[in-house]
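J.: Sharing a structure, written as structure tokens. Questions coming.
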Amino acid sequence: MEKSCDVLVLGGGGSGLIAAVKAAEAGKKVTVLEKAKFLGGGMLFASTQRIFGSRWQKERNIPDQSIDFMRKGMDETLWKLDAGLVHDAIYATGRFFDWYSEHELPEVMEKYEPRPYVFDIPVNGQVCPQIDVFHNGSGRFVVETMKRYGEELGVEMLTEHAAKDAIVEDGRIVGVVADTPNGEVTFRCDKCLIAMSSWIKNEDVVNKVLPGFTKAQVEKNAHQNPAYMGDGLAIAEKVGAFIDWDSFCLRIMGPICYFGDHSDLDTLCKSPSPILVNLLGRRFVAEPMVPRMDPFDTGHVLLQQPEGKSYFIFSKNMLEDLIESSRDNKVEGDFDLFGLPPLPEYDVVKGWFEKGAEKNPKEAAVSDTIEGIARRLGLDEAELVKTVSSYNECCAKGVDSDFFRDASTMVPLSEGPFFAVGGMLSTDGAFGGVRVNRHMQAYAADEVSLIDGLYVTGDFASGRHIVADGVKKQVLNDMSWAYASGYIAGEELGK
């Protein structure tokens, strides 16, 4: 079977749908191929959007920090990125949001509010609100609107259609072969957009990019969809696109306390007091890592430990001290990486550990002795006792000569019972792929010329971040990059 269209979009996630709808709005015949049973991909779980230069923000008298933000982002990425691409992407977030708001339901638009971006830091001493609805899962609103508007425009959106091979003629992609519920189908096209999934479940690629990750204990989340096999790699390579391996990275963070949901213990472990030990029962860093370090850097510290695993160790006197010092805290909400809300009474907090130990005895423990904690968690008793003894000696001296911890955060583990809760790695996804220019057009393997008719967006497009010692340094967060890259590509495809 053979079908044809003007624009063929490979991948029905956020950036692919945005590009498809924008191109269709210009009168193009557009087909979207998505290998999953549903559209939306990771955008269905996404929030924390950063928007710049939008009419929406101007109407609310929010200062425009775009130029300052671009300069700051380019400084942080060592001016290795295309300044034109960065400029266009930053402003495309606002143009996308204004376009999207024209087609979204009024009751949904009422949910948006100006809030600072959750990981933001001041620019020129000021943090200006972005459009941030962290807990509302705003990505699903965008997906539903793109589906609805796309249907009105006649976009053909096909699920369970997995693109597996590119058709190349005279160095140009003119179609793909896809596996579908009705067998193999050839889709011919004039232009093609690769907006395919991450490669985080492709062990060969992951082991090349970040050795050790596949053997670590990692929190399960939507970023590790089994379908994320990097299907776009083979297609891009066949077309002759430049695969920018220097851009490949996994964004990891930790330690995260995970019991199937983010529990009260996760909140407690954001406090400054507990010590952190690895599977050998040894400390390995100055606590607390967050907020002293960027939460996306701490994952790389944790990955150096066996299985990327750690345990927070508390004592009764430590908990009582935390409870007392938290009484006047003003932290609001349950998502705050950099503060501790007022804690309840000691017996309630003790109950959190007891319930955790009952639910998962390998992830939480309560014992009258440090040796008991080690036995319950399978740690080396002698090593853990040695670690706690050394730490308590440092507390007595007021100087952490082992790991240089700030003395103001040091509380000895002196009075039982003792408590422990496990921490593991988490991931924000895998990034890197084909290098693109400011129009989201793919570069050829010579890194200079462009491939006619091929565009790339989303996490598989390289151009908005660099990788420094495995750590991703970016000018725009993932959700907003999906908006911007999809919108720009859609405009270009519609011309």
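Here's how to read the names in the structure tokens: chain A, B, ... by the order shown, residue numbers from 1 in each chain, ligand numbers from 1 in the order shown.
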Using only C-alpha atoms, which protein or nucleic acid residues come within 8 Å of region 245-254 of chain A? Drop anything in the same chain fewer than 4 positions from it, and give the result as a PyMOL selection string.

T.: chain A and resi 200+209-210+295-300+302+423-433+462+465-467+470-472

J.: Where in region 123-233 of chain A does DSSP assign strand (DSSP E), given as an MDAnalysis selection string?

T.: chainID A and resid 130:131 156:159 162:169 172:180 183:194

J.: Contacts of Lys495 (chain A) at 8 Å or less, counting only C-alpha atoms, minus same-chain residues fewer than 3 places along, as a PDB file with all heavy atoms, in the first residue's frame?

T.:
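selection_12.pdb written:
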ATOM      1  N   ALA A  26      -1.353  26.272   7.070  1.00  0.00           N
ATOM      2  CA  ALA A  26      -0.902  26.972   5.862  1.00  0.00           C
ATOM      3  C   ALA A  26      -1.381  26.287   4.584  1.00  0.00           C
ATOM      4  O   ALA A  26      -0.991  26.678   3.492  1.00  0.00           O
ATOM      5  CB  ALA A  26       0.619  27.060   5.863  1.00  0.00           C
ATOM      6  N   GLU A 491       6.014  26.418  10.841  1.00  0.00           N
ATOM      7  CA  GLU A 491       6.006  27.614   9.997  1.00  0.00           C
ATOM      8  C   GLU A 491       6.815  27.382   8.722  1.00  0.00           C
ATOM      9  O   GLU A 491       6.378  27.752   7.617  1.00  0.00           O
ATOM     10  CB  GLU A 491       6.607  28.804  10.761  1.00  0.00           C
ATOM     11  CG  GLU A 491       5.681  29.435  11.765  1.00  0.00           C
ATOM     12  CD  GLU A 491       6.276  30.700  12.361  1.00  0.00           C
ATOM     13  OE1 GLU A 491       7.502  30.719  12.604  1.00  0.00           O
ATOM     14  OE2 GLU A 491       5.524  31.664  12.566  1.00  0.00           O
ATOM     15  N   GLU A 492       8.016  26.816   8.876  1.00  0.00           N
ATOM     16  CA  GLU A 492       8.874  26.578   7.716  1.00  0.00           C
ATOM     17  C   GLU A 492       8.237  25.583   6.744  1.00  0.00           C
ATOM     18  O   GLU A 492       8.271  25.779   5.521  1.00  0.00           O
ATOM     19  CB  GLU A 492      10.240  26.068   8.180  1.00  0.00           C
ATOM     20  CG  GLU A 492      11.059  27.065   8.969  1.00  0.00           C
ATOM     21  CD  GLU A 492      11.409  28.301   8.163  1.00  0.00           C
ATOM     22  OE1 GLU A 492      11.763  28.149   6.977  1.00  0.00           O
ATOM     23  OE2 GLU A 492      11.295  29.407   8.703  1.00  0.00           O
TER      24      GLU A 492
END

J.: Need to verify the contact set: region 190-198 of chain A, 9 Å, only C-alpha atoms, exclusion of same-chain residues closer than 3 positions in sequence. Can you return it as an mmCIF file with N, CA and C atoms, in the first residue's frame?

T.:
data_model
loop_
_atom_site.group_PDB
_atom_site.id
_atom_site.type_symbol
_atom_site.label_atom_id
_atom_site.label_comp_id
_atom_site.auth_asym_id
_atom_site.auth_seq_id
_atom_site.Cartn_x
_atom_site.Cartn_y
_atom_site.Cartn_z
ATOM 1 N N SER A 4 0.365 9.266 0.105
ATOM 2 C CA SER A 4 1.209 10.433 -0.134
ATOM 3 C C SER A 4 0.685 11.647 0.621
ATOM 4 N N CYS A 5 1.585 12.597 0.855
ATOM 5 C CA CYS A 5 1.222 13.838 1.526
ATOM 6 C C CYS A 5 2.288 14.887 1.209
ATOM 7 N N ASP A 6 1.996 16.132 1.581
ATOM 8 C CA ASP A 6 3.001 17.188 1.432
ATOM 9 C C ASP A 6 4.052 17.078 2.527
ATOM 10 N N VAL A 7 3.577 16.927 3.763
ATOM 11 C CA VAL A 7 4.457 16.903 4.934
ATOM 12 C C VAL A 7 4.201 15.623 5.715
ATOM 13 N N LEU A 8 5.254 14.880 5.956
ATOM 14 C CA LEU A 8 5.148 13.657 6.740
ATOM 15 C C LEU A 8 5.868 13.880 8.064
ATOM 16 N N VAL A 9 5.142 13.728 9.166
ATOM 17 C CA VAL A 9 5.696 13.939 10.506
ATOM 18 C C VAL A 9 5.868 12.585 11.178
ATOM 19 N N LEU A 10 7.102 12.281 11.562
ATOM 20 C CA LEU A 10 7.398 11.011 12.224
ATOM 21 C C LEU A 10 7.464 11.247 13.718
ATOM 22 N N GLY A 11 6.403 10.872 14.416
ATOM 23 C CA GLY A 11 6.319 11.074 15.853
ATOM 24 C C GLY A 11 5.182 12.000 16.216
ATOM 25 N N GLY A 12 4.242 11.482 17.003
ATOM 26 C CA GLY A 12 3.064 12.264 17.372
ATOM 27 C C GLY A 12 3.124 12.810 18.777
ATOM 28 N N GLY A 13 4.324 13.170 19.250
ATOM 29 C CA GLY A 13 4.453 13.835 20.540
ATOM 30 C C GLY A 13 4.158 15.315 20.408
ATOM 31 N N GLY A 14 4.522 16.089 21.423
ATOM 32 C CA GLY A 14 4.176 17.504 21.439
ATOM 33 C C GLY A 14 4.724 18.288 20.276
ATOM 34 N N SER A 15 6.031 18.216 20.039
ATOM 35 C CA SER A 15 6.611 19.029 18.969
ATOM 36 C C SER A 15 6.108 18.590 17.604
ATOM 37 N N GLY A 16 5.921 17.280 17.404
ATOM 38 C CA GLY A 16 5.415 16.789 16.120
ATOM 39 C C GLY A 16 4.017 17.256 15.833
ATOM 40 N N LEU A 17 3.145 17.200 16.844
ATOM 41 C CA LEU A 17 1.763 17.648 16.646
ATOM 42 C C LEU A 17 1.694 19.141 16.379
ATOM 43 N N ALA A 19 4.011 21.074 15.028
ATOM 44 C CA ALA A 19 4.502 21.321 13.672
ATOM 45 C C ALA A 19 3.475 20.893 12.632
ATOM 46 N N ALA A 20 2.842 19.735 12.847
ATOM 47 C CA ALA A 20 1.854 19.229 11.889
ATOM 48 C C ALA A 20 0.685 20.190 11.742
ATOM 49 N N GLU A 34 2.591 7.819 14.362
ATOM 50 C CA GLU A 34 2.964 7.592 15.757
ATOM 51 C C GLU A 34 2.913 6.098 16.040
ATOM 52 N N GLY A 41 2.817 11.500 23.432
ATOM 53 C CA GLY A 41 4.137 11.159 23.953
ATOM 54 C C GLY A 41 4.384 11.743 25.330
ATOM 55 N N GLY A 42 5.619 12.193 25.564
ATOM 56 C CA GLY A 42 5.994 12.742 26.863
ATOM 57 C C GLY A 42 5.284 14.031 27.205
ATOM 58 N N ILE A 173 15.203 12.748 1.316
ATOM 59 C CA ILE A 173 14.170 11.854 1.821
ATOM 60 C C ILE A 173 12.854 12.170 1.126
ATOM 61 N N VAL A 174 12.245 11.146 0.539
ATOM 62 C CA VAL A 174 10.984 11.338 -0.183
ATOM 63 C C VAL A 174 9.873 10.457 0.394
ATOM 64 N N GLY A 175 10.183 9.791 1.502
ATOM 65 C CA GLY A 175 9.149 8.964 2.115
ATOM 66 C C GLY A 175 9.735 8.014 3.126
ATOM 67 N N LYS A 201 15.734 3.849 26.139
ATOM 68 C CA LYS A 201 15.589 2.404 26.329
ATOM 69 C C LYS A 201 16.445 1.601 25.358
ATOM 70 N N ASN A 202 17.276 2.290 24.603
ATOM 71 C CA ASN A 202 18.227 1.619 23.709
ATOM 72 C C ASN A 202 19.533 1.428 24.481
ATOM 73 N N HIS A 223 9.519 9.200 31.630
ATOM 74 C CA HIS A 223 10.657 9.423 30.734
ATOM 75 C C HIS A 223 11.298 8.119 30.270
ATOM 76 N N GLN A 224 10.881 6.993 30.859
ATOM 77 C CA GLN A 224 11.481 5.704 30.507
ATOM 78 C C GLN A 224 10.474 4.788 29.818
ATOM 79 N N ASN A 225 9.681 5.360 28.963
ATOM 80 C CA ASN A 225 8.719 4.589 28.178
ATOM 81 C C ASN A 225 9.462 3.512 27.369
ATOM 82 N N ALA A 227 8.916 2.322 24.677
ATOM 83 C CA ALA A 227 8.938 2.623 23.241
ATOM 84 C C ALA A 227 10.082 3.552 22.849
ATOM 85 N N TYR A 228 10.769 4.132 23.831
ATOM 86 C CA TYR A 228 11.811 5.107 23.540
ATOM 87 C C TYR A 228 13.105 4.397 23.136
ATOM 88 N N MET A 229 13.135 3.931 21.906
ATOM 89 C CA MET A 229 14.260 3.139 21.402
ATOM 90 C C MET A 229 15.160 3.911 20.432
ATOM 91 N N GLY A 230 14.883 5.195 20.238
ATOM 92 C CA GLY A 230 15.719 5.975 19.325
ATOM 93 C C GLY A 230 15.531 5.588 17.876
ATOM 94 N N ASP A 231 14.277 5.355 17.475
ATOM 95 C CA ASP A 231 13.996 4.912 16.102
ATOM 96 C C ASP A 231 14.441 5.924 15.044
ATOM 97 N N GLY A 232 14.541 7.186 15.449
ATOM 98 C CA GLY A 232 14.929 8.203 14.469
ATOM 99 C C GLY A 232 16.375 8.114 14.039
ATOM 100 N N ILE A 235 16.902 6.255 10.638
ATOM 101 C CA ILE A 235 16.329 7.033 9.533
ATOM 102 C C ILE A 235 17.220 8.232 9.221
ATOM 103 N N ALA A 236 17.639 8.953 10.267
ATOM 104 C CA ALA A 236 18.482 10.128 10.056
ATOM 105 C C ALA A 236 19.817 9.746 9.428
ATOM 106 N N GLY A 429 15.114 12.328 31.298
ATOM 107 C CA GLY A 429 15.064 11.955 29.894
ATOM 108 C C GLY A 429 16.430 11.890 29.233
ATOM 109 N N ALA A 430 16.427 11.478 27.968
ATOM 110 C CA ALA A 430 17.636 11.374 27.155
ATOM 111 C C ALA A 430 17.531 12.369 26.002
ATOM 112 N N PHE A 431 18.651 12.999 25.689
ATOM 113 C CA PHE A 431 18.640 14.096 24.726
ATOM 114 C C PHE A 431 19.810 13.970 23.765
ATOM 115 N N GLY A 432 19.644 14.580 22.613
ATOM 116 C CA GLY A 432 20.695 14.569 21.611
ATOM 117 C C GLY A 432 20.258 13.829 20.368
ATOM 118 N N GLN A 441 15.962 22.896 10.299
ATOM 119 C CA GLN A 441 16.354 22.058 9.172
ATOM 120 C C GLN A 441 17.623 21.298 9.536
ATOM 121 N N ASP A 452 17.993 18.954 2.179
ATOM 122 C CA ASP A 452 16.763 19.509 1.628
ATOM 123 C C ASP A 452 15.569 18.659 2.039
ATOM 124 N N GLY A 453 14.606 19.322 2.648
ATOM 125 C CA GLY A 453 13.348 18.643 2.952
ATOM 126 C C GLY A 453 13.291 17.914 4.270
ATOM 127 N N LEU A 454 14.380 17.940 5.067
ATOM 128 C CA LEU A 454 14.379 17.218 6.337
ATOM 129 C C LEU A 454 14.482 18.190 7.509
ATOM 130 N N TYR A 455 13.542 18.061 8.450
ATOM 131 C CA TYR A 455 13.499 18.887 9.648
ATOM 132 C C TYR A 455 13.468 17.984 10.877
ATOM 133 N N VAL A 456 13.952 18.494 11.990
ATOM 134 C CA VAL A 456 13.988 17.716 13.227
ATOM 135 C C VAL A 456 13.603 18.621 14.388
ATOM 136 N N THR A 457 12.788 18.102 15.318
ATOM 137 C CA THR A 457 12.341 18.887 16.469
ATOM 138 C C THR A 457 12.409 18.068 17.753
ATOM 139 N N GLY A 458 12.167 18.744 18.876
ATOM 140 C CA GLY A 458 12.061 18.066 20.159
ATOM 141 C C GLY A 458 13.401 17.565 20.673
ATOM 142 N N ASP A 459 13.335 16.545 21.523
ATOM 143 C CA ASP A 459 14.533 16.031 22.191
ATOM 144 C C ASP A 459 15.556 15.453 21.228
ATOM 145 N N PHE A 460 15.131 15.100 20.007
ATOM 146 C CA PHE A 460 16.041 14.506 19.038
ATOM 147 C C PHE A 460 16.765 15.560 18.206
ATOM 148 N N ALA A 461 16.447 16.839 18.450
ATOM 149 C CA ALA A 461 17.097 17.934 17.737
ATOM 150 C C ALA A 461 18.194 18.520 18.610
ATOM 151 N N GLY A 486 8.789 22.874 17.477
ATOM 152 C CA GLY A 486 7.624 22.455 16.692
ATOM 153 C C GLY A 486 6.983 23.611 15.944
ATOM 154 N N ALA A 489 9.358 24.800 13.063
ATOM 155 C CA ALA A 489 9.334 23.826 11.952
ATOM 156 C C ALA A 489 8.021 23.885 11.205
ATOM 157 N N LEU A 493 7.660 24.527 7.272
ATOM 158 C CA LEU A 493 7.019 23.519 6.426
ATOM 159 C C LEU A 493 5.787 24.071 5.731
#

J.: With only C-alpha atoms as the basis for distance, which of A:His161, A:Arg148, A:Arg188, A:Lys309 is at the shortest distance from Gly212 (chain A)?

T.: A:Lys309
